[in-house]
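Undergrad: Before I ask anything, here is the structure I am working with.
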Amino acid sequence: MNCKKTALISDFDGTISKKDFFHMVIETFLSESALKPWHDYLQKKITHIEALTGIFSQIHIPQEELDKFIATIEVDEYFYDTLEICKKLGVPVYLCSAGTKYYIEKRIGQTLKDYNISLISNDGVYSQKDGLRLIAPDKTNPFYNHNTGISKELLVKKLKSEGYFTIYAGDGIPDFSSAKTADAVFAKDVLLELCRKEGIKTEKFDNFKDISDYIGRLYDK
Ligand SMILES: [Mg+2]
């Protein structure tokens, strides 16, 4: 095995899940015009957390309906195998999302408990009147970030300072700073393009089987 202890840090939307939850919401309950906050974010007019709240606050369905919809979030079918391998090898897993714990815990909360995964994300509250609102952690939180609520990069830095070889998996803009910091990067979509542009080495990443295989190779399993 490699000489260092290893930690796996993963994004949720579009990485563990197959599609960003805000895209699912827009396609099912809203219209394309609901994407305006996202375009404002891309033009740097508002923060990432303001953009997501701007989209999610347009949902006005009964909570039971939203919960049923959250249960339909598709998860990478190899994700659970990766968790099993990490558990066997004693590799800690961190799920770090600039979305919200609200739908992550409802979708895979039991898995997070079963595998002792640390979830670092924004809180969320839902009401039919106000929609789903993201709540950033307190500014004193060690992972606080003004733009995304939580900083994935600060988590990767902390793990590196503790001597971990850090493996990062992600797909979007909020993953870029952590991808620059991590020791090994699994990137898809926008993150893959950003990494290519900046000359950051990435590993093949079609699904979590690639991550399982990589970790297996590190430990000669
Ligand atoms: Mg993502």
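Following the order of the structure tokens, first chain is A, next is B, and so on, with residues numbered from 1 inside each chain and ligands from 1 in the order they appear.
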Could the residues that lie within 10 Å of ligand 1, counting only C-alpha atoms and all ligand atoms, be listed as a ChimeraX atom specification?
TA: /A:10-21,96-99,169-175,187-191
Undergrad: Select from segment 32-219 of chain A everything DSSP, run on the backbone, classes as strand (DSSP E or B), then give the selection as a PyMOL selection string.
TA: chain A and resi 75+93-100+118-127+131-135+144-145+149-150+164-170+184-187+203
Undergrad: Which polymer residues have any atom within 9 Å of an atom of segment 25-32 of chain A, counting only C-alpha atoms, with same-chain residues fewer than 2 positions away left out, as a ChimeraX atom specification?
TA: /A:20-23,34-36,55-56,58-61,69
Undergrad: Which residue, A:Val75, A:Leu52, A:Ala182, A:Ala136, has the smallest gap to Asp40 of chain A when you use only C-alpha atoms?
TA: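 Counting only C-alpha atoms, the residue closest to Asp40 of chain A is A:Leu52.
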Undergrad: Could you tell me which of A:Thr166, A:Gln110, A:Thr148, A:Thr100 comes closest to Arg133 of chain A if we count only C-alpha atoms?
TA: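 For Arg133 of chain A, the nearest of the candidates is A:Thr100.
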Undergrad: Calculated over only C-alpha atoms, which of the candidates A:Glu105, A:Glu64, A:Glu193, A:Glu74 has the smallest distance to Leu119 of chain A?
TA: A:Glu105
Undergrad: DSSP on the backbone: what in segment 72-145 of chain A comes out alpha helix (DSSP H), as a ChimeraX atom specification?
TA: /A:79-89,101-114
